[in-house]
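Chemist: Here you go, this is query-v9.txt (compact mmCIF, C-alpha atoms).
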# COMPACT_ATOMS: atom_id res chain seq x y z
CA MET A 1 55.92 -27.85 -59.20
CA ALA A 2 54.56 -30.78 -61.26
CA TRP A 3 54.53 -34.33 -60.06
CA ASP A 4 57.67 -36.48 -60.82
CA TRP A 5 55.82 -39.10 -62.78
CA GLU A 6 58.97 -41.06 -63.71
CA LYS A 7 59.89 -41.68 -60.10
CA LEU A 8 56.30 -42.57 -59.37
CA LYS A 9 56.28 -45.17 -62.14
CA GLN A 10 59.56 -46.69 -60.90
CA GLN A 11 58.19 -46.86 -57.38
CA GLN A 12 55.02 -48.53 -58.62
CA GLN A 13 57.12 -51.08 -60.48
CA LYS A 14 59.20 -51.80 -57.34
CA THR A 15 56.09 -52.20 -55.19
CA GLY A 16 54.25 -54.45 -57.57
CA GLY A 17 52.93 -52.34 -60.43
CA GLY A 18 49.34 -51.19 -59.66
CA VAL A 19 49.62 -50.72 -55.89
CA PRO A 20 49.03 -47.05 -54.94
CA PRO A 21 51.55 -45.24 -52.76
CA GLY A 22 51.05 -45.10 -49.00
CA VAL A 23 49.54 -42.23 -47.04
CA ASP A 24 52.89 -41.08 -45.75
CA GLU A 25 54.24 -40.84 -49.23
CA VAL A 26 51.28 -38.80 -50.45
CA VAL A 27 51.61 -36.37 -47.54
CA LYS A 28 55.30 -36.06 -48.22
CA LYS A 29 54.60 -35.28 -51.87
CA PHE A 30 52.13 -32.54 -50.88
CA LYS A 31 54.65 -30.99 -48.54
CA ASN A 32 57.14 -30.79 -51.35
CA LEU A 33 54.48 -29.34 -53.69
CA LYS A 34 54.88 -25.53 -54.28
CA LEU A 35 51.99 -23.29 -55.34
CA PRO A 36 53.44 -19.90 -56.25
CA GLY A 37 50.00 -18.39 -57.06
CA GLY A 38 48.03 -19.84 -54.11
CA TRP A 39 48.79 -17.18 -51.56
CA ILE A 40 47.99 -14.48 -54.07
CA ILE A 41 44.54 -15.95 -54.65
CA ILE A 42 43.92 -16.22 -50.93
CA LEU A 43 45.08 -12.65 -50.45
CA VAL A 44 42.84 -11.38 -53.26
CA VAL A 45 39.82 -13.19 -51.80
CA LEU A 46 40.61 -11.76 -48.39
CA LEU A 47 40.90 -8.21 -49.79
CA VAL A 48 37.62 -8.57 -51.67
CA TYR A 49 35.87 -9.73 -48.50
CA VAL A 50 37.36 -6.91 -46.42
CA GLY A 51 36.55 -4.31 -49.07
CA SER A 52 32.97 -5.46 -49.60
CA SER A 53 32.27 -5.55 -45.88
CA SER A 54 34.23 -2.41 -44.92
CA PHE A 55 32.93 0.16 -47.39
CA TYR A 56 29.27 1.08 -47.45
CA THR A 57 27.06 3.82 -48.85
CA VAL A 58 24.34 5.71 -46.96
CA GLY A 59 21.46 7.13 -49.05
CA VAL A 60 20.44 10.78 -49.06
CA ASP A 61 17.35 10.01 -46.97
CA GLU A 62 19.15 7.72 -44.51
CA VAL A 63 21.69 7.62 -41.71
CA GLY A 64 23.94 4.71 -40.86
CA VAL A 65 24.12 3.41 -37.28
CA VAL A 66 27.42 1.56 -36.70
CA GLN A 67 27.76 -1.10 -33.99
CA ARG A 68 31.04 -2.68 -32.88
CA PHE A 69 30.50 -6.13 -31.43
CA GLY A 70 26.86 -5.12 -30.90
CA LYS A 71 27.62 -1.85 -29.09
CA TYR A 72 26.64 1.49 -30.60
CA VAL A 73 29.68 3.42 -31.85
CA ARG A 74 28.61 6.25 -34.15
CA THR A 75 26.04 7.55 -36.62
CA THR A 76 27.14 8.33 -40.18
CA GLN A 77 25.54 10.76 -42.60
CA PRO A 78 24.75 10.18 -46.31
CA GLY A 79 27.72 9.27 -48.49
CA LEU A 80 30.49 6.66 -48.77
CA HIS A 81 31.99 5.48 -45.46
CA PHE A 82 34.48 2.94 -44.08
CA LYS A 83 34.04 0.56 -41.18
CA LEU A 84 35.76 -2.50 -39.82
CA PRO A 85 34.93 -5.79 -41.57
CA ARG A 86 31.69 -7.64 -40.99
CA GLY A 87 31.68 -9.48 -37.71
CA ILE A 88 33.54 -6.63 -36.02
CA GLU A 89 31.42 -3.66 -37.03
CA ASP A 90 27.93 -3.80 -38.52
CA VAL A 91 25.85 -0.94 -39.93
CA THR A 92 22.09 -0.48 -39.84
CA LYS A 93 20.56 2.04 -42.23
CA VAL A 94 17.57 4.02 -40.98
CA LYS A 95 15.38 6.22 -43.19
CA ILE A 96 14.96 9.58 -41.48
CA ARG A 97 13.01 11.41 -44.20
CA TYR A 98 10.51 8.73 -45.04
CA ILE A 99 7.02 9.34 -43.65
CA TYR A 100 5.61 6.26 -41.94
CA LYS A 101 1.99 5.89 -40.92
CA GLU A 102 -0.06 3.90 -38.44
CA GLU A 103 -3.79 3.41 -38.92
CA PHE A 104 -6.24 3.13 -36.02
CA GLY A 105 -9.80 1.84 -36.33
CA PHE A 106 -9.38 0.66 -39.91
CA ARG A 107 -6.81 -0.74 -42.36
CA THR A 108 -6.12 0.25 -45.94
CA LEU A 109 -6.78 -2.68 -48.27
CA GLU A 110 -5.94 -0.91 -51.52
CA ALA A 111 -4.55 2.60 -51.85
CA GLY A 112 -5.35 4.70 -54.87
CA VAL A 113 -7.77 7.29 -56.20
CA ARG A 114 -10.59 5.30 -54.63
CA SER A 115 -8.90 3.67 -51.68
CA GLN A 116 -10.56 0.69 -50.04
CA TYR A 117 -10.59 0.32 -46.27
CA ALA A 118 -11.47 -2.45 -43.84
CA THR A 119 -13.45 -1.37 -40.76
CA ASP A 120 -14.80 -4.59 -39.33
CA GLN A 121 -15.38 -5.62 -35.73
CA ALA A 122 -11.74 -6.61 -35.33
CA TYR A 123 -10.89 -2.94 -34.82
CA GLU A 124 -13.70 -2.06 -32.40
CA GLY A 125 -11.22 -1.86 -29.57
CA GLU A 126 -9.45 0.94 -31.42
CA TYR A 127 -12.25 3.12 -32.78
CA LEU A 128 -14.92 2.89 -30.05
CA MET A 129 -14.31 5.61 -27.45
CA LEU A 130 -16.23 7.15 -24.55
CA THR A 131 -16.77 10.90 -24.78
CA GLY A 132 -16.98 13.43 -21.98
CA ASP A 133 -20.81 13.49 -22.06
CA LEU A 134 -20.93 9.67 -21.68
CA ASN A 135 -21.64 8.87 -25.33
CA VAL A 136 -19.86 6.31 -27.49
CA ALA A 137 -18.10 7.64 -30.59
CA VAL A 138 -16.48 5.98 -33.59
CA VAL A 139 -13.08 7.67 -33.95
CA PRO A 140 -10.76 6.38 -36.71
CA TRP A 141 -7.49 8.24 -37.27
CA ILE A 142 -4.01 8.06 -38.82
CA VAL A 143 -0.66 8.94 -37.25
CA GLN A 144 2.06 10.00 -39.69
CA TYR A 145 5.59 10.13 -38.32
CA ARG A 146 9.28 9.98 -39.21
CA VAL A 147 12.47 9.03 -37.39
CA LYS A 148 14.30 12.03 -35.94
CA ASN A 149 16.88 10.17 -33.79
CA ALA A 150 18.09 6.87 -35.21
CA TYR A 151 20.00 5.90 -32.04
CA GLU A 152 16.92 6.24 -29.81
CA TYR A 153 14.71 4.62 -32.45
CA LEU A 154 16.89 1.48 -32.59
CA PHE A 155 18.14 1.04 -29.01
CA LYS A 156 16.05 2.96 -26.46
CA VAL A 157 12.74 1.10 -26.90
CA HIS A 158 12.37 -2.63 -27.39
CA ASN A 159 9.36 -2.48 -29.75
CA VAL A 160 9.04 1.10 -30.90
CA LYS A 161 6.08 0.47 -33.24
CA ALA A 162 3.99 -1.16 -30.51
CA THR A 163 4.95 1.64 -28.11
CA LEU A 164 3.85 4.24 -30.66
CA ARG A 165 0.49 2.56 -31.15
CA ASP A 166 -0.14 2.23 -27.41
CA LEU A 167 0.76 5.86 -26.71
CA ALA A 168 -1.26 7.12 -29.68
CA GLU A 169 -4.37 5.23 -28.60
CA SER A 170 -4.13 6.32 -24.97
CA THR A 171 -3.55 9.94 -25.99
CA MET A 172 -6.53 9.97 -28.35
CA ARG A 173 -8.80 8.43 -25.72
CA MET A 174 -7.74 11.10 -23.24
CA VAL A 175 -8.50 13.92 -25.69
CA VAL A 176 -11.84 12.42 -26.74
CA GLY A 177 -12.79 11.84 -23.10
CA ASP A 178 -12.61 15.59 -22.44
CA ARG A 179 -15.08 16.55 -25.17
CA SER A 180 -18.73 16.06 -26.03
CA ILE A 181 -20.01 13.93 -28.88
CA ASN A 182 -20.90 17.03 -30.92
CA GLU A 183 -17.36 18.36 -30.54
CA ILE A 184 -15.93 15.01 -31.61
CA ILE A 185 -17.95 15.17 -34.82
CA SER A 186 -17.56 18.87 -35.65
CA LYS A 187 -14.09 19.78 -34.31
CA ARG A 188 -11.86 17.08 -35.75
CA GLU A 189 -8.97 19.38 -36.70
CA GLU A 190 -8.83 20.88 -33.23
CA ILE A 191 -8.83 17.40 -31.65
CA ALA A 192 -6.11 16.21 -34.04
CA ASP A 193 -3.83 19.14 -33.20
CA GLU A 194 -4.26 18.63 -29.46
CA ALA A 195 -3.66 14.88 -29.74
CA ARG A 196 -0.53 15.43 -31.86
CA ALA A 197 1.00 17.77 -29.26
CA LEU A 198 0.27 15.39 -26.38
CA LEU A 199 1.52 12.35 -28.29
CA GLN A 200 4.77 14.10 -29.19
CA THR A 201 5.36 14.89 -25.52
CA GLU A 202 4.79 11.25 -24.55
CA LEU A 203 7.10 9.96 -27.29
CA ASP A 204 9.86 12.35 -26.27
CA GLU A 205 9.60 11.26 -22.65
CA ALA A 206 9.83 7.61 -23.75
CA GLU A 207 12.89 8.42 -25.93
CA THR A 208 11.47 6.73 -29.00
CA GLY A 209 13.30 8.99 -31.46
CA ILE A 210 10.03 9.60 -33.35
CA HIS A 211 8.67 12.93 -34.62
CA VAL A 212 4.92 13.06 -35.21
CA VAL A 213 4.32 14.87 -38.50
CA THR A 214 0.53 14.98 -38.29
CA ILE A 215 -2.55 13.23 -36.99
CA GLU A 216 -5.40 12.96 -39.48
CA MET A 217 -8.89 12.36 -38.16
CA LYS A 218 -11.16 10.35 -40.41
CA LYS A 219 -14.96 10.69 -40.39
CA THR A 220 -16.16 10.49 -36.79
CA ASN A 221 -19.65 9.37 -35.92
CA VAL A 222 -21.72 7.42 -33.43
CA PRO A 223 -22.07 3.62 -33.67
CA GLU A 224 -24.36 2.47 -36.47
CA PRO A 225 -27.18 1.05 -34.24
CA VAL A 226 -27.77 4.44 -32.58
CA GLN A 227 -27.33 6.66 -35.64
CA PRO A 228 -31.11 7.11 -36.34
CA SER A 229 -31.77 8.23 -32.77
CA PHE A 230 -28.72 10.45 -32.83
CA ASN A 231 -29.89 12.05 -36.09
CA GLU A 232 -33.28 12.78 -34.52
CA VAL A 233 -31.59 14.46 -31.59
CA ASN A 234 -29.45 16.51 -33.95
CA ARG A 235 -32.50 17.63 -35.91
CA ALA A 236 -34.23 18.70 -32.69
CA VAL A 237 -31.12 20.59 -31.61
CA GLN A 238 -30.90 22.29 -34.99
CA GLU A 239 -34.55 23.33 -34.84
CA LYS A 240 -33.99 24.70 -31.35
CA GLU A 241 -30.94 26.63 -32.51
CA GLN A 242 -32.86 27.95 -35.51
CA MET A 243 -35.63 29.26 -33.26
CA VAL A 244 -33.07 30.84 -30.96
CA TYR A 245 -31.37 32.51 -33.92
CA GLN A 246 -34.69 33.84 -35.19
CA ALA A 247 -35.54 35.23 -31.75
CA ARG A 248 -32.13 36.84 -31.54
CA GLU A 249 -32.61 38.31 -34.98
CA GLU A 250 -35.90 39.88 -33.97
CA TYR A 251 -34.32 41.05 -30.75
CA ASN A 252 -31.43 42.62 -32.63
CA LYS A 253 -33.89 44.42 -34.89
CA ALA A 254 -36.30 45.69 -32.21
CA ILE A 255 -33.95 46.63 -29.40
CA PRO A 256 -31.57 48.83 -31.45
CA ALA A 257 -34.56 50.55 -33.08
CA ALA A 258 -36.13 51.26 -29.69
CA LYS A 259 -32.84 52.49 -28.35
CA GLY A 260 -32.45 54.73 -31.39
CA ASN A 261 -35.92 56.21 -30.99
CA ALA A 262 -35.34 56.79 -27.28
CA GLU A 263 -32.04 58.48 -28.01
CA LYS A 264 -33.67 60.58 -30.70
CA THR A 265 -36.48 61.67 -28.32
CA ILE A 266 -33.98 62.52 -25.60
CA LYS A 267 -31.86 64.59 -27.99
CA SER A 268 -34.96 66.36 -29.34
CA ALA A 269 -36.10 67.23 -25.81
CA GLU A 270 -32.66 68.45 -24.91
CA GLY A 271 -32.58 70.60 -28.06
CA PHE A 272 -36.04 72.01 -27.35
CA ALA A 273 -35.08 72.84 -23.78
CA LEU A 274 -31.90 74.50 -24.92
CA ASP A 275 -33.82 76.51 -27.53
CA ARG A 276 -36.39 77.69 -24.98
CA VAL A 277 -33.72 78.68 -22.50
CA ASN A 278 -31.77 80.57 -25.14
CA ARG A 279 -34.91 82.29 -26.40
CA ALA A 280 -35.86 83.28 -22.86
CA LYS A 281 -32.39 84.64 -22.25
CA GLY A 282 -32.54 86.55 -25.52
CA ASP A 283 -35.96 87.99 -24.76
CA ALA A 284 -34.84 89.04 -21.28
CA ALA A 285 -31.71 90.68 -22.69
CA ARG A 286 -33.82 92.43 -25.36
CA PHE A 287 -36.33 93.67 -22.78
CA VAL A 288 -33.54 94.99 -20.59
CA ALA A 289 -31.97 96.78 -23.56
CA VAL A 290 -35.33 98.32 -24.55
CA TYR A 291 -36.02 99.37 -20.96
CA ASP A 292 -32.63 101.07 -20.79
CA GLU A 293 -33.45 103.05 -23.94
CA TYR A 294 -36.95 103.79 -22.65
CA SER A 295 -35.59 105.18 -19.43
CA LYS A 296 -33.38 107.50 -21.46
CA ALA A 297 -36.04 108.74 -23.94
CA LYS A 298 -39.53 107.65 -23.07
CA ASP A 299 -41.49 109.44 -25.85
CA VAL A 300 -39.18 108.37 -28.65
CA THR A 301 -38.98 104.83 -27.44
CA ARG A 302 -42.75 104.57 -26.95
CA ARG A 303 -43.37 105.84 -30.49
CA ARG A 304 -40.79 103.45 -31.96
CA LEU A 305 -42.36 100.51 -30.18
CA TYR A 306 -45.77 101.54 -31.42
CA LEU A 307 -44.62 101.81 -35.02
CA GLU A 308 -42.79 98.48 -34.88
CA ALA A 309 -45.92 96.84 -33.50
CA LEU A 310 -48.05 98.28 -36.33
CA LYS A 311 -45.44 97.15 -38.85
CA ASP A 312 -45.88 93.60 -37.65
CA VAL A 313 -49.67 93.70 -37.30
CA LEU A 314 -50.87 95.61 -40.37
CA PRO A 315 -49.54 93.19 -43.02
CA LYS A 316 -51.56 90.43 -41.41
CA VAL A 317 -54.84 92.40 -41.48
CA GLY A 318 -57.18 92.22 -44.53
CA ARG A 319 -59.20 95.29 -45.40
CA LYS A 320 -58.40 98.22 -43.15
CA TYR A 321 -60.76 100.94 -41.97
CA ILE A 322 -60.25 103.98 -39.78
CA ILE A 323 -63.28 104.97 -37.71
CA ASP A 324 -63.68 108.47 -36.39
CA ALA A 325 -65.09 108.38 -32.95
CA ASP A 326 -67.25 111.50 -33.63
CA GLN A 327 -68.78 110.16 -36.84
CA GLU A 328 -71.18 107.33 -37.33
CA ASN A 329 -70.12 106.36 -40.87
CA LEU A 330 -67.12 104.23 -41.90
CA LEU A 331 -64.34 105.96 -43.77
CA PRO A 332 -61.89 103.80 -45.79
CA LEU A 333 -58.35 105.05 -45.66
CA LEU A 334 -56.56 105.14 -49.00
CA ASN A 335 -57.92 101.69 -49.83
CA LEU A 336 -54.94 100.17 -47.97
CA GLY A 337 -55.94 96.59 -48.73
CA LYS A 338 -55.18 96.97 -52.48
CA GLN A 339 -51.76 98.50 -52.23
CA VAL A 340 -49.04 96.67 -54.09
CA GLY A 341 -47.00 94.40 -51.88
CA VAL A 342 -49.54 94.43 -49.06
CA GLN A 343 -51.13 91.10 -48.16
CA LYS A 344 -54.91 91.02 -47.86
Hey, can you dump this file as structure tokens for me?
Modeler:
Amino acid sequence: MAWDWEKLKQQQQKTGGGVPPGVDEVVKKFKNLKLPGGWIIILVVLLVYVGSSSFYTVGVDEVGVVQRFGKYVRTTQPGLHFKLPRGIEDVTKVKIRYIYKEEFGFRTLEAGVRSQYATDQAYEGEYLMLTGDLNVAVVPWIVQYRVKNAYEYLFKVHNVKATLRDLAESTMRMVVGDRSINEIISKREEIADEARALLQTELDEAETGIHVVTIEMKKTNVPEPVQPSFNEVNRAVQEKEQMVYQAREEYNKAIPAAKGNAEKTIKSAEGFALDRVNRAKGDAARFVAVYDEYSKAKDVTRRRLYLEALKDVLPKVGRKYIIDADQENLLPLLNLGKQVGVQK
């Protein structure tokens, strides 16, 4: 309702023209003032505030953790959701598919095709470790992880990142302390796998809500001041191993050959012995058979043996002569040495 300007002018004239009305009169006028659209505007503003603070969207790689007056209530999955207005319920979005990483012993200055790293003395406390054979090793590494339980990640541990770094460093020192310096340098993948399993166990016991994806070992070495001496030791060890390998190679050549010759000699002797035994048995059986026939017909058997003996002997003799005991001259018999098929 508009102001009644006519009454106001009359009142000003009665009170002396330019004197403003009193405070009571102004308050009275405001009380009588009607604003038909005021409540609608207030209601619209209130609805906009409630709507903007009550509806929220969770991304595909996130979950929403809802708190009511600071107390955990529920965890919502990706999509559009409703909650009570801000101040009553608040939501914290946590990325559960994003891979985070923590670097130990160095820091990445610029990532790219040729990444640049900082490995100054500020990180000595992280990368210098004592090995099992009482040597000092430089061990830089990276822990890659993601959030698997948003509730534990937000509420179970006060400073989850610091806890992760402390547990990762203690775990790596324990694994390195069980191995020699040569193993630290040559078996990085094996060390990384063992450290990842141990670190995951520690994180689960601490209820950090973190899943360790992988541990990547960077180039491990000895501290720079002792690298020349260490290289000399490695060269000596390699020469020693080379000589051992050569000796083993010669051993592997000589020993199998000797064993083969010995086996061959043994088998040959066994074969010879078996042949002699079989021949002796055959000769004995043949003699027995001939004796049996001889006992049955002595004259026939004696003649047959004589003829068989001549059959074996005569082909091996050169020129053949028959000498009559009563004559002094030699008499050739049919010139047997020149017969066809007879060997001289």
Chemist: Which residues, protein or nucleic acid, reach to within 12 Å of (14.5, 5.6, -45.7) in the file's coordinates when using all atoms listed in the file, and can you give that as JSON, numbers by chain?
Modeler: {"A": [58, 59, 60, 61, 62, 63, 64, 78, 92, 93, 94, 95, 96, 97, 98, 99, 100, 146, 147, 148, 150]}
Chemist: Distance atom CA of Phe82 of chain A-atom CA of Val65 of chain A, one decimal place?
Modeler: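 The value is 12.4 Å.
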Chemist: Enter the distance from atom CA of Val317 of chain A to atom CA of Arg303 of chain A, in Å, rounded to one decimal.
Modeler: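 Computing it gives 20.8 Å between the two atoms.
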Chemist: Measuring atom to atom with all atoms listed in the file, identify which of A:Ser170, A:Asn135, A:Ser295, A:Gln200 is nearest to Val222 of chain A.
Modeler: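 Distance minimum relative to Val222 of chain A lands on A:Asn135.
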Chemist: What is the distance, in Å and to one decimal place, between atom CA of Leu167 of chain A and atom CA of Leu199 of chain A?
Modeler: 6.7 Å
Chemist: May I ask which of the residues A:Phe106, A:Trp141, A:Tyr245, A:Phe287 is the closest one to Glu169 of chain A, counting all atoms listed in the file?
Modeler: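 Closest to Glu169 of chain A of all the choices is A:Trp141.
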Chemist: So that all listed atoms of segment 87-94 of chain A fit with 6 Å spare on each side, what axis-aligned box centre and edge lengths in Å, to one decimal, would you give as AutoDock Vina command-line options?
Modeler:
--center_x 25.6 --center_y -2.7 --center_z -39.1 --size_x 28.0 --size_y 25.5 --size_z 18.2
Chemist: What residues have an atom no more than 12 Å from (2.9, 5.9, -29.1) in the file's own frame, counting only C-alpha atoms, and can you write them as a PyMOL selection string?
Modeler: chain A and resi 101-102+104+143-145+157+159-172+195-196+198-212
Chemist: Would you mind telling me which residue in A:Tyr56, A:Gln67, A:Val175, A:Phe272 lies nearest to Gly79 of chain A when using only C-alpha atoms?
Modeler: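 When distances to Gly79 of chain A are compared using only C-alpha atoms, the smallest one comes from A:Tyr56.
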Chemist: Which residue gives the smallest distance to Asp133 of chain A among A:Gly260, A:Gly177, A:Pro225, A:Gly271, with all atoms listed in the file counted?
Modeler: A:Gly177
Chemist: Taking all atoms listed in the file into account, name the residue in A:Met243, A:Val91, A:Leu154, A:Ile40 that is nearest to Arg74 of chain A.
Modeler: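 Ranking A:Met243, A:Val91, A:Leu154, A:Ile40 by distance to Arg74 of chain A, first place goes to A:Val91.
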Chemist: Given the choices A:Val138, A:Tyr294, A:Pro256, A:Val226, which gets closest to Ile184 of chain A if the distance is worked out from only C-alpha atoms?
Modeler: A:Val138
